[in-house]
$ cat protein09.cif   # mmCIF, C-alpha atoms
data_final
#
loop_
_atom_site.label_atom_id
_atom_site.label_comp_id
_atom_site.auth_asym_id
_atom_site.auth_seq_id
_atom_site.Cartn_x
_atom_site.Cartn_y
_atom_site.Cartn_z
CA MET A 1 0.00 0.00 0.00
CA ALA A 2 1.02 3.65 -0.40
CA PRO A 3 2.50 5.45 2.59
CA GLU A 4 -0.07 7.22 4.73
CA ASN A 5 1.51 10.66 4.16
CA ALA A 6 1.59 10.26 0.37
CA THR A 7 -0.63 12.57 -1.65
CA GLN A 8 -3.17 10.83 -3.86
CA VAL A 9 -3.02 11.92 -7.51
CA THR A 10 -6.05 14.02 -8.55
CA GLU A 11 -5.06 14.55 -12.19
CA PHE A 12 -2.84 12.98 -14.81
CA VAL A 13 -0.66 14.61 -17.47
CA PHE A 14 -0.29 13.07 -20.93
CA ILE A 15 3.00 13.16 -22.80
CA GLY A 16 0.98 12.57 -25.97
CA VAL A 17 2.01 10.97 -29.25
CA SER A 18 5.13 13.17 -29.24
CA ASP A 19 6.46 15.77 -26.81
CA LEU A 20 8.31 17.71 -29.55
CA PRO A 21 6.71 21.20 -29.84
CA GLU A 22 7.37 21.49 -33.58
CA LEU A 23 5.33 18.33 -34.26
CA GLN A 24 2.17 19.33 -32.40
CA ILE A 25 0.44 21.24 -35.24
CA PRO A 26 1.39 18.76 -38.03
CA LEU A 27 0.21 15.85 -35.84
CA PHE A 28 -2.99 17.74 -34.98
CA LEU A 29 -3.78 18.21 -38.69
CA LEU A 30 -2.93 14.58 -39.51
CA PHE A 31 -5.12 13.10 -36.78
CA LEU A 32 -7.89 15.61 -37.45
CA VAL A 33 -8.08 14.28 -41.03
CA ILE A 34 -7.99 10.66 -39.77
CA TYR A 35 -10.75 11.30 -37.22
CA GLY A 36 -12.83 13.24 -39.77
CA LEU A 37 -12.63 10.33 -42.23
CA THR A 38 -13.46 7.85 -39.44
CA VAL A 39 -16.58 9.77 -38.43
CA THR A 40 -17.74 10.32 -42.03
CA GLU A 41 -17.19 6.73 -43.15
CA ASN A 42 -18.69 5.01 -40.11
CA LEU A 43 -21.72 7.33 -39.87
CA GLY A 44 -22.20 6.72 -43.59
CA ILE A 45 -22.24 2.95 -43.07
CA ILE A 46 -24.61 3.27 -40.10
CA THR A 47 -26.99 5.44 -42.16
CA LEU A 48 -26.91 3.30 -45.30
CA THR A 49 -27.51 0.03 -43.47
CA ARG A 50 -30.44 1.60 -41.61
CA VAL A 51 -32.27 3.28 -44.50
CA ASP A 52 -31.62 0.98 -47.47
CA SER A 53 -34.05 -1.94 -47.63
CA ARG A 54 -31.58 -4.08 -49.62
CA LEU A 55 -29.05 -3.95 -46.79
CA GLN A 56 -31.37 -5.45 -44.16
CA THR A 57 -29.46 -8.73 -43.87
CA PRO A 58 -27.48 -10.22 -40.96
CA MET A 59 -24.15 -9.33 -42.58
CA TYR A 60 -25.01 -5.62 -42.78
CA PHE A 61 -26.65 -5.70 -39.35
CA PHE A 62 -23.31 -6.80 -37.86
CA LEU A 63 -21.44 -4.35 -40.09
CA ARG A 64 -23.61 -1.51 -38.74
CA HIS A 65 -22.69 -2.42 -35.18
CA LEU A 66 -18.99 -2.65 -36.10
CA ALA A 67 -19.31 0.89 -37.48
CA ILE A 68 -21.03 2.03 -34.26
CA ILE A 69 -18.19 0.49 -32.23
CA ASN A 70 -15.46 2.00 -34.44
CA PHE A 71 -17.07 5.45 -34.33
CA SER A 72 -17.53 5.28 -30.55
CA ASN A 73 -14.02 3.99 -29.83
CA SER A 74 -12.40 6.75 -31.89
CA THR A 75 -14.64 9.38 -30.30
CA VAL A 76 -13.59 8.25 -26.81
CA ILE A 77 -9.93 8.87 -27.76
CA ALA A 78 -9.61 11.42 -30.59
CA PRO A 79 -11.32 14.64 -29.37
CA LYS A 80 -9.29 14.82 -26.14
CA MET A 81 -6.15 13.86 -28.07
CA LEU A 82 -6.74 16.62 -30.64
CA VAL A 83 -7.28 19.24 -27.93
CA ASN A 84 -4.04 18.15 -26.24
CA PHE A 85 -2.06 18.91 -29.40
CA LEU A 86 -3.09 22.57 -29.04
CA VAL A 87 -2.55 23.12 -25.30
CA SER A 88 0.69 23.36 -23.37
CA LYS A 89 -0.40 21.23 -20.40
CA LYS A 90 -2.14 18.01 -21.43
CA THR A 91 -4.09 17.19 -18.26
CA THR A 92 -7.06 15.00 -17.38
CA SER A 93 -8.75 14.56 -14.01
CA TYR A 94 -8.58 11.29 -12.07
CA TYR A 95 -12.27 10.50 -12.69
CA GLU A 96 -12.16 11.63 -16.33
CA CYS A 97 -9.25 9.25 -16.84
CA ALA A 98 -11.15 6.39 -15.21
CA THR A 99 -14.19 7.12 -17.40
CA GLN A 100 -12.08 7.20 -20.57
CA LEU A 101 -10.42 3.88 -19.70
CA GLY A 102 -13.80 2.25 -18.99
CA ALA A 103 -15.37 3.54 -22.22
CA PHE A 104 -12.32 2.52 -24.26
CA LEU A 105 -12.45 -1.02 -22.82
CA VAL A 106 -16.17 -1.33 -23.60
CA PHE A 107 -15.64 -0.61 -27.29
CA ILE A 108 -12.30 -2.38 -27.83
CA VAL A 109 -13.64 -5.61 -26.29
CA ALA A 110 -16.88 -5.20 -28.27
CA GLU A 111 -14.84 -4.86 -31.49
CA VAL A 112 -12.84 -8.01 -30.69
CA PHE A 113 -16.02 -10.07 -30.42
CA MET A 114 -17.92 -8.31 -33.22
CA LEU A 115 -15.15 -9.34 -35.62
CA ALA A 116 -15.57 -12.93 -34.39
CA VAL A 117 -19.35 -12.72 -34.89
CA MET A 118 -18.88 -11.33 -38.41
CA ALA A 119 -16.40 -14.11 -39.28
CA TYR A 120 -18.89 -16.72 -38.04
CA ASP A 121 -21.65 -15.06 -40.08
CA ARG A 122 -19.54 -15.31 -43.26
CA TYR A 123 -18.66 -18.92 -42.44
CA VAL A 124 -22.32 -19.91 -42.21
CA ALA A 125 -23.23 -17.92 -45.35
CA ILE A 126 -20.50 -19.53 -47.48
CA CYS A 127 -20.21 -23.03 -45.97
CA ASN A 128 -23.88 -23.66 -45.02
CA PRO A 129 -25.95 -21.35 -47.24
CA LEU A 130 -29.13 -23.48 -47.03
CA LEU A 131 -29.18 -23.14 -43.23
CA TYR A 132 -28.13 -19.49 -43.18
CA MET A 133 -31.46 -17.83 -42.36
CA VAL A 134 -32.12 -20.43 -39.65
CA VAL A 135 -28.69 -20.31 -37.98
CA VAL A 136 -28.40 -16.52 -38.28
CA SER A 137 -32.01 -15.47 -37.74
CA HIS A 138 -32.97 -11.96 -36.62
CA ARG A 139 -33.39 -13.20 -33.05
CA ILE A 140 -29.93 -14.81 -33.08
CA CYS A 141 -28.43 -11.60 -34.49
CA LEU A 142 -29.96 -9.54 -31.69
CA LEU A 143 -28.79 -12.07 -29.12
CA LEU A 144 -25.19 -12.10 -30.42
CA VAL A 145 -24.96 -8.31 -30.49
CA SER A 146 -26.59 -7.95 -27.07
CA LEU A 147 -24.22 -10.50 -25.52
CA THR A 148 -21.26 -8.72 -27.12
CA TYR A 149 -22.18 -5.37 -25.56
CA LEU A 150 -23.13 -6.91 -22.20
CA TYR A 151 -19.88 -8.86 -21.96
CA SER A 152 -17.74 -5.90 -23.04
CA PHE A 153 -19.41 -3.64 -20.47
CA SER A 154 -18.88 -6.24 -17.71
CA THR A 155 -15.22 -6.66 -18.70
CA ALA A 156 -14.69 -2.88 -18.71
CA VAL A 157 -16.16 -2.54 -15.21
CA VAL A 158 -13.96 -5.32 -13.78
CA VAL A 159 -10.69 -4.28 -15.47
CA SER A 160 -11.02 -0.52 -14.94
CA SER A 161 -11.99 -1.09 -11.30
CA CYS A 162 -8.84 -3.18 -10.80
CA VAL A 163 -6.64 -0.58 -12.50
CA PHE A 164 -8.01 2.21 -10.30
CA SER A 165 -8.00 0.13 -7.12
CA VAL A 166 -4.25 0.73 -6.74
CA SER A 167 -2.69 3.95 -5.40
CA TYR A 168 -1.33 6.70 -7.63
CA CYS A 169 0.74 8.96 -5.41
CA ALA A 170 4.09 9.54 -7.11
CA SER A 171 4.41 10.48 -10.78
CA ASN A 172 1.23 11.47 -12.60
CA VAL A 173 2.77 11.77 -16.09
CA ILE A 174 1.29 9.16 -18.45
CA ASN A 175 3.58 8.23 -21.35
CA HIS A 176 0.60 7.89 -23.68
CA PHE A 177 -2.08 9.93 -25.45
CA TYR A 178 -5.06 8.46 -23.55
CA CYS A 179 -5.74 6.57 -20.32
CA ASP A 180 -4.89 2.91 -20.87
CA SER A 181 -4.27 0.17 -18.33
CA VAL A 182 -0.59 -0.59 -19.10
CA PRO A 183 0.84 2.97 -18.85
CA LEU A 184 -1.42 3.71 -15.86
CA LEU A 185 -0.24 0.70 -13.86
CA ALA A 186 3.36 1.71 -14.62
CA LEU A 187 2.73 4.84 -12.51
CA SER A 188 1.29 3.12 -9.45
CA CYS A 189 3.11 3.42 -6.12
CA SER A 190 1.48 0.26 -4.72
CA ASP A 191 1.57 -3.45 -5.57
CA THR A 192 0.17 -3.96 -9.08
CA TYR A 193 0.43 -7.75 -9.28
CA ILE A 194 -3.34 -8.39 -9.05
CA PRO A 195 -4.50 -5.71 -11.56
CA GLU A 196 -1.70 -6.65 -13.98
CA THR A 197 -2.77 -10.29 -13.74
CA VAL A 198 -6.43 -9.34 -14.32
CA VAL A 199 -5.50 -7.22 -17.36
CA PHE A 200 -3.31 -9.99 -18.80
CA ILE A 201 -5.85 -12.79 -18.25
CA SER A 202 -8.74 -10.70 -19.58
CA ALA A 203 -6.79 -9.65 -22.68
CA ALA A 204 -5.47 -13.16 -23.31
CA THR A 205 -8.89 -14.79 -22.90
CA ASN A 206 -10.73 -12.27 -25.07
CA ILE A 207 -8.16 -12.02 -27.85
CA LEU A 208 -7.29 -15.71 -28.13
CA PHE A 209 -10.91 -16.92 -27.89
CA SER A 210 -12.22 -14.49 -30.51
CA MET A 211 -9.14 -14.98 -32.70
CA THR A 212 -9.71 -18.75 -32.66
CA ILE A 213 -13.28 -18.22 -33.91
CA VAL A 214 -12.02 -15.91 -36.65
CA LEU A 215 -9.22 -18.25 -37.77
CA VAL A 216 -11.40 -21.38 -37.76
CA SER A 217 -14.15 -19.53 -39.65
CA TYR A 218 -11.83 -18.17 -42.33
CA PHE A 219 -9.98 -21.49 -42.62
CA ASN A 220 -13.27 -23.22 -43.46
CA ILE A 221 -14.22 -20.37 -45.79
CA VAL A 222 -10.95 -20.78 -47.70
CA LEU A 223 -11.56 -24.54 -48.00
CA SER A 224 -15.04 -23.86 -49.39
CA ILE A 225 -13.63 -21.32 -51.85
CA LEU A 226 -11.06 -23.83 -53.10
CA ARG A 227 -13.88 -26.28 -53.84
CA MET A 228 -15.66 -23.75 -56.09
CA SER A 229 -15.80 -24.79 -59.73
CA SER A 230 -15.76 -21.23 -61.09
CA SER A 231 -12.32 -19.64 -61.25
CA GLU A 232 -13.90 -16.19 -61.39
CA GLY A 233 -15.90 -16.97 -58.23
CA ARG A 234 -12.75 -18.19 -56.47
CA LYS A 235 -10.83 -15.06 -57.45
CA LYS A 236 -13.60 -12.75 -56.23
CA ALA A 237 -14.06 -14.65 -52.95
CA PHE A 238 -10.31 -14.76 -52.27
CA SER A 239 -10.03 -11.01 -52.93
CA THR A 240 -12.73 -10.24 -50.37
CA CYS A 241 -11.42 -12.80 -47.88
CA ALA A 242 -7.83 -11.51 -48.18
CA SER A 243 -8.85 -7.91 -47.45
CA HIS A 244 -10.87 -8.99 -44.41
CA MET A 245 -8.03 -11.14 -43.11
CA THR A 246 -5.57 -8.26 -43.55
CA ALA A 247 -7.74 -6.00 -41.39
CA VAL A 248 -8.21 -8.71 -38.77
CA THR A 249 -4.48 -9.55 -38.71
CA VAL A 250 -3.42 -5.94 -38.15
CA PHE A 251 -6.05 -5.46 -35.43
CA TYR A 252 -5.28 -8.64 -33.49
CA GLY A 253 -1.55 -8.27 -34.07
CA THR A 254 -1.40 -4.85 -32.42
CA LEU A 255 -3.56 -6.05 -29.50
CA LEU A 256 -1.35 -9.10 -28.97
CA PHE A 257 1.73 -6.90 -29.07
CA MET A 258 0.23 -4.41 -26.61
CA TYR A 259 -1.35 -6.62 -23.96
CA LEU A 260 0.20 -10.09 -24.08
CA GLN A 261 3.84 -9.27 -23.42
CA PRO A 262 5.37 -9.17 -19.91
CA ARG A 263 5.77 -5.77 -18.28
CA SER A 264 9.56 -6.11 -18.26
CA SER A 265 9.65 -6.10 -22.07
CA HIS A 266 7.15 -3.26 -22.54
CA SER A 267 8.30 -0.14 -24.36
CA LEU A 268 5.67 2.53 -23.75
CA ASP A 269 6.81 4.55 -26.78
CA THR A 270 6.36 1.49 -29.01
CA ASP A 271 3.01 0.73 -27.35
CA LYS A 272 1.81 4.22 -28.33
CA MET A 273 2.43 3.47 -31.98
CA ALA A 274 0.52 0.19 -31.69
CA SER A 275 -2.33 2.03 -29.95
CA VAL A 276 -2.59 4.54 -32.81
CA PHE A 277 -3.41 1.63 -35.11
CA TYR A 278 -6.27 0.04 -33.17
CA THR A 279 -7.80 3.26 -31.81
CA LEU A 280 -7.56 5.53 -34.88
CA ILE A 281 -6.20 3.91 -38.05
CA ILE A 282 -8.20 0.65 -38.08
CA PRO A 283 -11.57 2.36 -37.34
CA MET A 284 -10.85 4.54 -40.40
CA LEU A 285 -9.85 1.57 -42.60
CA ASN A 286 -12.63 -0.86 -41.59
CA PRO A 287 -15.41 0.89 -43.57
CA MET A 288 -13.20 0.86 -46.67
CA ILE A 289 -12.27 -2.80 -46.26
CA TYR A 290 -15.67 -4.19 -45.26
CA SER A 291 -17.96 -1.85 -47.18
CA LEU A 292 -16.58 0.36 -49.91
CA ARG A 293 -15.26 -2.66 -51.84
CA ASN A 294 -18.76 -4.15 -51.67
CA LYS A 295 -20.97 -3.62 -54.73
CA ASP A 296 -24.18 -3.71 -52.64
CA VAL A 297 -22.91 -0.87 -50.44
CA LYS A 298 -21.75 1.09 -53.48
CA ALA A 299 -25.18 0.69 -55.06
CA ALA A 300 -26.89 1.70 -51.82
CA LEU A 301 -24.67 4.80 -51.58
CA ARG A 302 -25.52 5.71 -55.17
CA ARG A 303 -29.27 5.34 -54.49
CA PHE A 304 -28.96 7.36 -51.29
CA MET A 305 -27.14 10.21 -53.08
CA GLU A 306 -29.68 10.20 -55.91
CA ASP A 307 -32.58 10.35 -53.44
CA LEU A 308 -30.83 13.13 -51.53
CA CYS A 309 -30.29 15.14 -54.72
CA CYS A 310 -33.94 14.68 -55.72
CA SER A 311 -35.07 15.83 -52.28
CA LEU A 312 -32.87 18.93 -52.45
CA LYS A 313 -34.13 19.79 -55.93
CA SER A 314 -37.77 19.46 -54.80
CA LEU A 315 -37.08 22.02 -52.05
CA GLN A 316 -35.83 24.61 -54.51
#
$ encode --input "protein09.cif" --output "structure tokens"
Amino acid sequence: MAPENATQVTEFVFIGVSDLPELQIPLFLLFLVIYGLTVTENLGIITLTRVDSRLQTPMYFFLRHLAIINFSNSTVIAPKMLVNFLVSKKTTSYYECATQLGAFLVFIVAEVFMLAVMAYDRYVAICNPLLYMVVVSHRICLLLVSLTYLYSFSTAVVVSSCVFSVSYCASNVINHFYCDSVPLLALSCSDTYIPETVVFISAATNILFSMTIVLVSYFNIVLSILRMSSSEGRKKAFSTCASHMTAVTVFYGTLLFMYLQPRSSHSLDTDKMASVFYTLIIPMLNPMIYSLRNKDVKAALRRFMEDLCCSLKSLQ
């Protein structure tokens, strides 16, 4: 425990992506563009999959929730990060930090399992098409999404409570650009064995379990593609599958790098770069990978823009 005369930290100070003054404005502009694209793309997917009747299928239902998760996760991190590029002292209160960590954990865990759900959905659609509407009915879709959010919220409560159960009474400078468990625990002035163990077990269980579902699903999908008689069909399916697997590999790879290595080998500067990928870059890329290469989404976007133009002309 912390000494009785130690002062409990009431605020934390972020170092940020970089502490070099000359990089603050260029980095602000770069991440403003990234966040702007993330918001535009994910809100676009959410809107299209809600209003277009041809996108009312399980695949697009899950895609809509992935977009909600990506938008929310970026919004938990990016606005505060952007403000910090423009101010000299990058501070956050103790309770604001705890709230940010909890919200981040809700959406990052939800994304981990939503990717597993989407992989399973594609597995059923390609490998068992005759049973698809039975196995992935509307009720099952609602159940899978509800369980994903419920589990991610429960995990966030447990992990964030453990991280903030320790004492912070020495340094309050976080070598990061948001409140995350690993850099926070590095600041603690009390024993962190239990919270570190909880973080490691939670991350390992969530990542490895969901990654197993993804790998098994895509392995069976690839086998089904190889059995296709049409070479054109195989080429198209492999193209889609390869892009999805690339996105999944980058996402899981950065999470494995961040959370499943021992504390002794952690480099917080390297961890920051990994965090940029799964909090900002991947949420921007996911709509492009999962949607904008899809002819149904392109057609829906074209219909939406045509309807919007017609509506604007009728108002003139």
$ resolve_selection --input "protein09.cif" --expression "the PyMOL selection byres ((chain A and resi 104-112) around 6)" --output "NGL selection string"
:A and (69 or 73 or 100-103 or 113-115 or 148-149 or 152-153 or 156)
$ atom_distance --input "protein09.cif" --atom1 "CA of Ser231 in chain A" --atom2 "CA of Ser291 in chain A"
23.4 Å
$ atom_distance --input "protein09.cif" --atom1 "CA of Phe164 in chain A" --atom2 "CA of Lys272 in chain A"
20.6 Å
$ resolve_selection --input "protein09.cif" --expression "the PyMOL selection byres ((chain A and resi 191) around 12)" --output "ChimeraX atom specification"
/A:1-2,162-163,165-168,185-190,192-197
$ closest_residue --input "protein09.cif" --among "A:Leu144, A:Cys169, A:Ile281, A:Val76" --to "Phe61 in chain A" --atoms "all atoms listed in the file"
A:Leu144
$ atom_distance --input "protein09.cif" --atom1 "CA of Ser171 in chain A" --atom2 "CA of Gly16 in chain A"
15.7 Å
$ closest_residue --input "protein09.cif" --among "A:Thr75, A:Ser314, A:Asn70, A:Ser18" --to "His176 in chain A" --atoms "all atoms listed in the file"
A:Ser18
